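Q: You'll find work09.cif just under this line, and it carries mmCIF, C-alpha atoms.
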data_my_file
#
loop_
_atom_site.label_atom_id
_atom_site.label_comp_id
_atom_site.auth_asym_id
_atom_site.auth_seq_id
_atom_site.Cartn_x
_atom_site.Cartn_y
_atom_site.Cartn_z
CA MET R 1 22.09 5.95 6.48
CA PRO R 2 19.62 3.79 4.51
CA PRO R 3 20.96 0.49 3.18
CA ALA R 4 22.51 0.59 -0.26
CA ASP R 5 20.27 -0.38 -3.13
CA PRO R 6 20.83 -4.08 -3.81
CA ILE R 7 20.90 -3.43 -7.52
CA ALA R 8 24.32 -2.41 -8.78
CA GLU R 9 24.48 1.21 -9.75
CA THR R 10 25.61 1.59 -13.33
CA GLY R 11 26.42 4.66 -15.35
CA ILE R 12 23.67 6.85 -16.69
CA ALA R 13 25.51 9.04 -19.14
CA ALA R 14 24.65 6.99 -22.18
CA HIS R 15 20.98 6.92 -21.26
CA ALA R 16 20.68 10.59 -20.50
CA MET R 17 21.70 11.70 -23.98
CA ALA R 18 18.12 12.20 -25.06
CA ALA R 19 17.29 14.26 -28.07
CA GLY R 20 13.87 15.25 -29.27
CA PRO R 21 10.50 14.95 -27.62
CA VAL R 22 9.71 12.25 -25.15
CA VAL R 23 7.04 9.81 -26.15
CA GLY R 24 5.70 7.77 -23.30
CA ALA R 25 6.19 4.69 -21.20
CA ALA R 26 3.88 1.76 -21.52
CA PRO R 27 2.91 -1.06 -19.22
CA VAL R 28 3.79 -4.70 -19.38
CA ALA R 29 1.19 -7.30 -20.25
CA ALA R 30 0.43 -9.72 -17.51
CA ALA R 31 -2.40 -11.56 -15.90
CA VAL R 32 -5.00 -9.53 -14.14
CA PRO R 33 -5.14 -8.32 -11.42
CA VAL R 34 -1.54 -7.29 -11.83
CA MET R 35 -1.31 -3.69 -12.89
CA ALA R 36 0.20 -2.03 -15.87
CA THR R 37 3.48 -0.24 -16.05
CA VAL R 38 3.87 3.35 -17.12
CA GLY R 39 6.09 2.94 -20.06
CA ALA R 40 5.41 2.29 -23.62
CA GLY R 41 3.47 -0.84 -23.99
CA ALA R 42 0.29 -2.53 -23.01
CA GLY R 43 -0.96 -1.34 -19.74
CA ALA R 44 -2.71 -2.73 -16.78
CA GLY R 45 -1.56 -5.98 -15.53
CA ALA R 46 1.15 -5.55 -18.03
CA ASP R 47 3.96 -7.99 -18.07
CA PRO R 48 7.06 -6.14 -16.97
CA GLY R 49 8.58 -6.97 -20.25
CA GLY R 50 6.15 -4.83 -22.10
CA GLY R 51 6.44 -1.37 -23.44
CA GLN R 52 7.40 1.44 -21.16
CA GLY R 53 8.96 3.22 -23.88
CA VAL R 54 7.20 6.39 -24.61
CA ASP R 55 9.20 9.33 -23.63
CA PRO R 56 7.11 11.34 -21.20
CA ASP R 57 8.38 14.61 -22.55
CA ALA R 58 7.37 13.75 -26.03
CA GLY R 59 3.78 13.62 -25.04
CA GLN R 60 2.96 10.38 -26.76
CA GLY R 61 0.84 11.59 -29.12
CA ALA R 62 -2.67 12.25 -29.63
CA ASP R 63 -4.31 15.26 -30.93
CA SER R 64 -4.12 18.43 -28.99
CA ASP R 65 -7.87 18.88 -28.85
CA ALA R 66 -7.85 17.85 -25.23
CA ARG R 67 -6.69 21.33 -24.28
CA PRO R 68 -8.98 24.10 -23.00
CA GLY R 69 -11.51 25.01 -25.63
CA ALA R 70 -11.75 21.46 -26.96
CA ALA R 71 -15.14 19.90 -27.38
CA ARG R 72 -14.90 18.03 -24.12
CA ASP R 73 -17.02 18.76 -21.09
CA LEU R 74 -15.13 18.17 -17.86
CA ALA R 75 -17.61 19.96 -15.64
CA GLY R 76 -18.61 16.67 -14.08
CA VAL R 77 -15.14 15.37 -13.31
CA ALA R 78 -14.92 16.97 -9.87
CA SER R 79 -18.28 15.62 -8.80
CA ASP R 80 -17.47 12.22 -10.29
CA THR R 81 -14.28 12.15 -8.27
CA ALA R 82 -16.12 13.11 -5.11
CA ALA R 83 -18.44 10.17 -5.65
CA GLU R 84 -15.43 7.85 -5.90
CA LEU R 85 -13.78 8.87 -2.64
CA ASP R 86 -15.28 5.96 -0.78
CA GLY R 87 -13.86 3.53 -3.32
CA VAL R 88 -11.09 1.22 -2.21
CA ASP R 89 -7.84 0.71 -4.08
CA GLY R 90 -4.45 -0.63 -3.12
CA LEU R 91 -2.84 2.78 -3.49
CA ASP R 92 -4.28 4.80 -0.61
CA ARG R 93 -7.32 6.12 -2.45
CA ILE R 94 -5.95 8.01 -5.43
CA ALA R 95 -9.38 9.60 -5.99
CA ALA R 96 -8.86 11.53 -2.76
CA TRP R 97 -5.39 12.85 -3.60
CA SER R 98 -5.24 16.63 -3.73
CA PRO R 99 -4.11 18.48 -6.87
CA ALA R 100 -0.46 19.53 -7.10
CA ASP R 101 0.72 23.04 -7.95
CA THR R 102 3.42 22.92 -10.64
CA PRO R 103 5.25 25.61 -12.64
CA ALA R 104 2.95 24.69 -15.55
CA GLY R 105 -0.24 25.03 -13.51
CA ARG R 106 -2.43 22.97 -11.20
CA PHE R 107 -2.21 19.26 -11.95
CA HIS R 108 -4.76 16.69 -10.82
CA LEU R 109 -4.84 12.89 -11.16
CA VAL R 110 -8.42 11.67 -11.69
CA PRO R 111 -9.22 7.94 -11.86
CA ALA R 112 -10.32 7.05 -15.38
CA ARG R 113 -13.86 5.97 -16.25
CA ILE R 114 -14.53 3.98 -19.38
CA GLU R 115 -17.85 5.67 -20.18
CA ARG R 116 -16.35 9.13 -19.81
CA ASP R 117 -12.78 8.77 -21.01
CA LEU R 118 -12.55 5.87 -23.47
CA ALA R 119 -12.80 7.90 -26.70
CA LEU R 120 -10.08 10.32 -25.63
CA ILE R 121 -7.65 7.70 -24.32
CA SER R 122 -8.20 5.50 -27.38
CA ARG R 123 -7.44 8.45 -29.65
CA TRP R 124 -4.20 9.05 -27.80
CA MET R 125 -3.26 5.37 -28.04
CA ASN R 126 -3.74 5.48 -31.81
CA ASP R 127 -1.12 8.16 -32.28
CA PRO R 128 1.87 6.42 -33.97
CA ALA R 129 4.31 7.69 -31.34
CA ALA R 130 2.25 6.15 -28.54
CA ALA R 131 1.31 3.00 -30.44
CA GLU R 132 4.97 2.05 -30.88
CA PHE R 133 5.35 1.47 -27.15
CA TRP R 134 1.89 1.03 -25.69
CA GLU R 135 0.70 -1.33 -28.42
CA LEU R 136 -2.95 -0.36 -27.87
CA ALA R 137 -3.73 1.06 -31.31
CA GLY R 138 -6.88 -0.05 -33.09
CA ALA R 139 -10.58 0.04 -32.32
CA GLN R 140 -11.78 1.52 -29.04
CA GLU R 141 -12.39 -2.01 -27.78
CA VAL R 142 -8.62 -2.52 -27.54
CA THR R 143 -8.22 0.36 -25.11
CA ARG R 144 -11.47 -0.52 -23.37
CA ASP R 145 -10.25 -4.03 -22.59
CA HIS R 146 -6.97 -2.62 -21.30
CA LEU R 147 -8.77 -0.20 -18.95
CA ARG R 148 -11.35 -2.76 -17.90
CA ALA R 149 -8.65 -5.21 -16.81
CA GLN R 150 -7.44 -2.65 -14.28
CA LEU R 151 -10.80 -1.26 -13.24
CA ALA R 152 -12.18 -4.75 -12.62
CA GLY R 153 -9.07 -5.83 -10.72
CA ASP R 154 -8.26 -5.61 -7.04
CA GLY R 155 -6.98 -2.04 -7.01
CA ARG R 156 -3.30 -2.78 -7.50
CA SER R 157 -3.29 -0.61 -10.62
CA VAL R 158 -5.32 2.56 -11.13
CA PRO R 159 -5.59 4.16 -14.60
CA CYS R 160 -5.92 7.95 -14.41
CA LEU R 161 -6.33 11.04 -16.52
CA GLY R 162 -3.90 13.85 -15.79
CA LEU R 163 -5.66 17.23 -15.81
CA LEU R 164 -3.56 20.38 -16.16
CA GLU R 165 -5.54 23.48 -15.24
CA GLY R 166 -8.68 21.36 -15.63
CA ALA R 167 -7.91 20.09 -19.14
CA PRO R 168 -7.13 16.37 -19.76
CA MET R 169 -3.67 16.13 -21.32
CA SER R 170 -2.09 12.87 -20.14
CA TYR R 171 -2.82 9.26 -19.23
CA TRP R 172 -1.24 7.61 -16.18
CA GLU R 173 -1.17 4.22 -14.55
CA ILE R 174 -0.20 4.15 -10.89
CA TYR R 175 0.46 0.62 -9.68
CA ARG R 176 1.92 -1.52 -6.93
CA ALA R 177 5.28 -2.47 -8.43
CA ASP R 178 5.93 -4.90 -5.57
CA LEU R 179 2.80 -6.88 -6.58
CA ASP R 180 3.42 -6.62 -10.33
CA PRO R 181 5.28 -9.15 -12.53
CA LEU R 182 8.01 -6.50 -12.59
CA ALA R 183 8.88 -7.54 -9.02
CA ARG R 184 10.33 -10.78 -10.40
CA HIS R 185 13.02 -8.76 -12.15
CA TYR R 186 14.41 -6.57 -9.37
CA PRO R 187 14.75 -6.66 -5.56
CA ALA R 188 11.30 -5.22 -4.83
CA ARG R 189 10.45 -3.71 -1.47
CA PRO R 190 7.01 -3.59 0.14
CA HIS R 191 4.81 -0.83 -1.28
CA ASP R 192 7.13 0.10 -4.17
CA THR R 193 4.87 2.15 -6.45
CA GLY R 194 5.21 2.23 -10.23
CA VAL R 195 4.15 4.84 -12.78
CA HIS R 196 3.39 4.83 -16.51
CA LEU R 197 2.85 8.03 -18.47
CA LEU R 198 1.47 8.99 -21.86
CA LEU R 199 1.37 12.66 -22.87
CA GLY R 200 -1.64 12.91 -25.11
CA GLY R 201 -1.60 16.24 -26.93
CA VAL R 202 0.84 17.33 -29.61
CA ALA R 203 1.00 20.76 -28.00
CA ASP R 204 2.28 19.22 -24.77
CA ARG R 205 5.26 17.42 -26.25
CA GLY R 206 8.86 18.50 -26.35
CA ARG R 207 8.55 21.32 -23.83
CA GLY R 208 9.66 19.63 -20.64
CA LEU R 209 6.24 18.69 -19.29
CA GLY R 210 7.21 15.02 -19.01
CA GLY R 211 9.92 15.58 -16.44
CA LEU R 212 7.95 18.27 -14.62
CA LEU R 213 4.83 16.12 -14.24
CA LEU R 214 6.76 12.96 -13.40
CA ARG R 215 8.34 14.85 -10.51
CA ALA R 216 4.92 16.14 -9.39
CA VAL R 217 3.36 12.67 -9.51
CA ALA R 218 6.30 11.03 -7.73
CA ASP R 219 6.01 13.68 -5.01
CA LEU R 220 2.27 12.99 -4.75
CA VAL R 221 2.91 9.26 -4.38
CA LEU R 222 5.46 9.80 -1.62
CA ALA R 223 3.23 12.32 0.16
CA GLN R 224 0.03 10.27 -0.05
CA ARG R 225 1.57 6.83 0.51
CA PRO R 226 3.67 7.03 3.69
CA SER R 227 4.39 3.30 3.47
CA CYS R 228 6.05 3.76 0.06
CA ALA R 229 9.78 4.47 0.11
CA ARG R 230 10.41 4.34 -3.66
CA VAL R 231 8.71 5.20 -6.92
CA ILE R 232 9.65 2.86 -9.77
CA ALA R 233 9.57 3.05 -13.57
CA GLU R 234 10.91 0.81 -16.36
CA PRO R 235 11.12 2.66 -19.70
CA ASP R 236 12.53 0.89 -22.73
CA ILE R 237 16.32 1.25 -22.70
CA ARG R 238 16.14 2.58 -26.28
CA ASN R 239 13.91 5.46 -25.29
CA THR R 240 16.58 7.92 -24.25
CA PRO R 241 14.25 10.96 -24.18
CA SER R 242 12.00 9.15 -21.69
CA ILE R 243 14.95 8.17 -19.52
CA ALA R 244 16.17 11.78 -19.60
CA ALA R 245 12.74 12.95 -18.41
CA PHE R 246 12.88 10.54 -15.46
CA LEU R 247 16.36 11.79 -14.58
CA THR R 248 15.08 15.36 -14.73
CA ALA R 249 12.27 14.32 -12.38
CA GLY R 250 14.73 13.13 -9.72
CA PHE R 251 14.79 9.44 -10.60
CA ARG R 252 18.11 7.61 -10.73
CA PHE R 253 19.15 4.92 -13.17
CA SER R 254 19.58 1.72 -11.16
CA ALA R 255 20.07 -1.11 -13.65
CA GLU R 256 19.16 -2.61 -17.01
CA VAL R 257 16.66 -5.43 -16.70
CA ASP R 258 15.44 -7.95 -19.26
CA LEU R 259 11.65 -8.04 -19.24
CA THR R 260 9.37 -10.19 -21.31
CA ALA R 261 9.16 -7.88 -24.30
CA LYS R 262 11.93 -5.38 -23.82
CA ARG R 263 15.18 -4.46 -22.16
CA ALA R 264 14.30 -1.75 -19.69
CA ALA R 265 16.03 0.90 -17.66
CA LEU R 266 15.02 0.51 -14.03
CA MET R 267 14.47 4.04 -12.74
CA ILE R 268 14.02 4.72 -9.02
CA ARG R 269 13.03 7.80 -7.06
CA ASP R 270 13.94 7.36 -3.39
CA ARG R 271 12.09 9.06 -0.57
CA HIS R 272 15.35 9.74 1.27
CA LEU R 273 16.73 11.53 -1.81
CA GLN R 274 13.51 13.32 -2.65
CA HIS R 275 14.76 16.79 -1.75
CA LEU R 276 18.28 16.26 -3.09
CA LEU R 277 17.53 15.19 -6.67
#
With the file now loaded, output its structure as structure tokens.
A:
Amino acid sequence: MPPADPIAETGIAAHAMAAGPVVGAAPVAAAVPVMATVGAGAGAGADPGGGQGVDPDAGQGADSDARPGAARDLAGVASDTAAELDGVDGLDRIAAWSPADTPAGRFHLVPARIERDLALISRWMNDPAAAEFWELAGAQEVTRDHLRAQLAGDGRSVPCLGLLEGAPMSYWEIYRADLDPLARHYPARPHDTGVHLLLGGVADRGRGLGGLLLRAVADLVLAQRPSCARVIAEPDIRNTPSIAAFLTAGFRFSAEVDLTAKRAALMIRDRHLQHLL
């Protein structure tokens, strides 16, 4: 029997009473090369106190023109990814991770590229629902600097586009939670892996995609990172729809933690409970 989690288990009922679409979780602002958190807030290298608030089911808004038929050519994404497979990151080469089959279709995490993806991600960040937690609204340079901090770092945080059936519809940050400022606020274990999620298109909000994709990504992390025993997230405690999405995805509420810019719900998905929750 694995040792009990050192963080006291507290009730989750109050946090699971989510109503309405989930927005997104943003990262905490911190010094590079620390990576960003997946909640609502500023991303890479984000200080664990930052954002994480956007409810993943709400899709954190941006326009829905990133769906099939939009004026966006993704024909080169596969070849771009192939060219990145020799790249080194601290997360077991995300560029090489296989797509996951989900009830909503085939889902693929593709490392972001500023020259290819900046306009789309910046548009998503300027949606009011996303801006509230990620705090990256404004000119494209704001988002560019956020992405560049991760891409120029040491691989502890990897910003990604989430492609569903080949169409970009979400933004993710996968990061080493044990090497992030977040680790100062909970009993971190080696190779704990954190996630931040922003659902970009209006059409993808409020229909359960947040919980479904969070489960798929957590499963990918545990499958591709054998040294990782837990997937971590820290949404804003006020963002009940986001917390509900994490619960739906098999995460458990572990504790409330005071971060630099928010009070967060520490959510954990354990490898040993992966097939039970």
Q: Restricting the calculation to all atoms listed in the file, which member of R:Ala177, R:Val110, R:Leu164, R:Leu212 is positioned closest to Cys228 (chain R)?
A: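 Result for the nearest residue to Cys228 (chain R): R:Ala177.
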Q: Which residues fall under the PyMOL selection byres ((chain R and resi 247) around 10) in this file, as a list in words?
A: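 That selection, the PyMOL selection byres ((chain R and resi 247) around 10), comes back as Ile12, His15, Ala16, Gly211, Leu214, Arg215, Pro241, Ser242, Ile243, Ala244, Ala245, Phe246, Thr248, Ala249, Gly250, Phe251, Arg252, Phe253, Met267, Ile268, Arg269 and Leu277 of chain R.
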Q: Please, what distance in Å, to one decimal, runs between CA of Leu118 (chain R) and CA of His196 (chain R)?
A: 17.4 Å
Q: May I ask for the distance between CA of Ile94 (chain R) and CA of Thr143 (chain R), given in Å to one decimal place?
A: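 Separating CA of Ile94 (chain R) from CA of Thr143 (chain R) is a distance of 21.2 Å.
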Q: For the file shown, report as a VMD selection string the outcome of the PyMOL selection byres ((chain R and resi 97) around 12) at residue level.
A: chain R and resid 81 to 82 84 to 85 91 to 96 98 to 100 107 to 111 160 217 219 to 225
Q: Choose the residue, out of R:Leu163, R:Met169, R:Ala216, R:Val231, that has the smallest atom-to-atom separation from His191 (chain R); count only C-alpha atoms.
A: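 For His191 (chain R), the nearest of the given residues is R:Val231.
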Q: Rank nothing, just name the residue among R:Arg207, R:Asp180, R:Pro159, R:Ser122 nearest to Glu135 (chain R), using only C-alpha atoms.
A: R:Ser122
Q: Would you work out the distance separating CA of Gly138 (chain R) from CA of Asn126 (chain R), expressed in Å to one decimal?
A: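 Those two atoms sit 6.5 Å apart.
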Q: Ranking R:Gly155, R:Ala255, R:Ala149, R:Leu197 by minimum distance to Met125 (chain R) and counting all atoms listed in the file, which one comes first?
A: R:Leu197
Q: Please enumerate the residues selected by the PyMOL selection byres ((chain R and resi 195) around 7) when evaluated against the supplied file, formatted as JSON, numbers by chain.
A: {"R": [37, 38, 172, 173, 174, 175, 193, 194, 196, 197, 232, 233]}
Q: Of the candidates R:Arg238, R:Arg144, R:Arg156, R:Lys262, which one gets nearest to Arg123 (chain R) if we count all atoms listed in the file?
A: R:Arg144
Q: From the list R:Leu198, R:Gly162, R:Pro168, R:Tyr186, which residue is nearest Leu136 (chain R) when using only C-alpha atoms?
A: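 Smallest distance to Leu136 (chain R) is found for R:Leu198.
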